[in-house]
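Notes to accompany the following structure.
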Amino acid sequence: MRKIRLSIGILIAAGLLAVPVAFSHSNGHESRTIADCEKLPGTQQAGERGQCLKCVSRPIKHHYHPDYPNGQRCRPDNGKP
């Protein structure tokens with residue numbers, strides 16, 4: 001009986017160690033909200049902060065990538081980076 005309990009304990013411990021881990025993709029430095037934009041340099045009208053605020057305030061949901069080349073920084077928010 002003691003061997004059975006020990007075996008069950010080992011199986012439970014092994015099961016806890018094998019808990020799946022969620023991996024996520026790197027989303028770079030994208031900004032999806034106004035609060036995210038406020039972290040960028042510049043003012044509300046100029047610089048990266050201003051560009052970001054204009055981007056995320058569009059009627060159709062967008063997100064802003066400050067590290068992308070000009071003209072490709074504001075992208076539709078389709079749940080992907």
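Identifiers in this document derive from the order of the structure tokens: chains are assigned A, B, ..., residues are numbered from 1 separately in each chain, and ligands are numbered from 1 in order of occurrence.
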
**Request:** Pick out the residues sitting within 10 Å of range 34-44 of chain A, and hand them over as number ranges by chain; count only C-alpha atoms, and ignore anything fewer than 5 positions along from it in its own chain.
**Result:** A: 29, 49-57, 63-64, 66

**Two-atom distance - CA of Asn70 in chain A, CA of Glu48 in chain A (Å)** =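 Atom-to-atom, CA of Asn70 in chain A to CA of Glu48 in chain A, that is 10.8 Å.
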
**Request:** For Asp67 in chain A, list every protein, DNA or RNA residue within 10 Å, evaluated using only C-alpha atoms, and leave out those in the same chain fewer than 5 positions away; present the list as a PyMOL selection string.
**Result:** chain A and resi 28-30+72-73

Selection export as an mmCIF file, in the first residue's frame, atoms kept: N, CA, C and O atoms:
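After the write, part-v2.cif holds the following:
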data_model
loop_
_atom_site.group_PDB
_atom_site.id
_atom_site.type_symbol
_atom_site.label_atom_id
_atom_site.label_comp_id
_atom_site.auth_asym_id
_atom_site.auth_seq_id
_atom_site.Cartn_x
_atom_site.Cartn_y
_atom_site.Cartn_z
ATOM 1 N N GLY A 28 7.286 43.674 -30.289
ATOM 2 C CA GLY A 28 8.127 44.846 -30.491
ATOM 3 C C GLY A 28 7.734 45.966 -29.559
ATOM 4 O O GLY A 28 7.499 45.750 -28.379
ATOM 5 N N HIS A 29 7.619 47.156 -30.087
ATOM 6 C CA HIS A 29 7.267 48.313 -29.275
ATOM 7 C C HIS A 29 5.947 48.907 -29.728
ATOM 8 O O HIS A 29 5.758 50.114 -29.665
ATOM 9 N N GLU A 30 5.037 48.096 -30.186
ATOM 10 C CA GLU A 30 3.791 48.630 -30.721
ATOM 11 C C GLU A 30 2.947 49.268 -29.624
ATOM 12 O O GLU A 30 3.021 48.892 -28.457
ATOM 13 N N GLN A 72 4.926 52.988 -42.716
ATOM 14 C CA GLN A 72 4.486 51.634 -42.355
ATOM 15 C C GLN A 72 4.242 51.507 -40.861
ATOM 16 O O GLN A 72 4.051 50.418 -40.352
ATOM 17 N N ARG A 73 4.244 52.619 -40.151
ATOM 18 C CA ARG A 73 4.149 52.580 -38.699
ATOM 19 C C ARG A 73 2.716 52.394 -38.198
ATOM 20 O O ARG A 73 2.491 51.773 -37.179
#

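Our summary of the geometry notes that CA of Arg32 in chain A is positioned 10.1 Å from CA of Arg75 in chain A.
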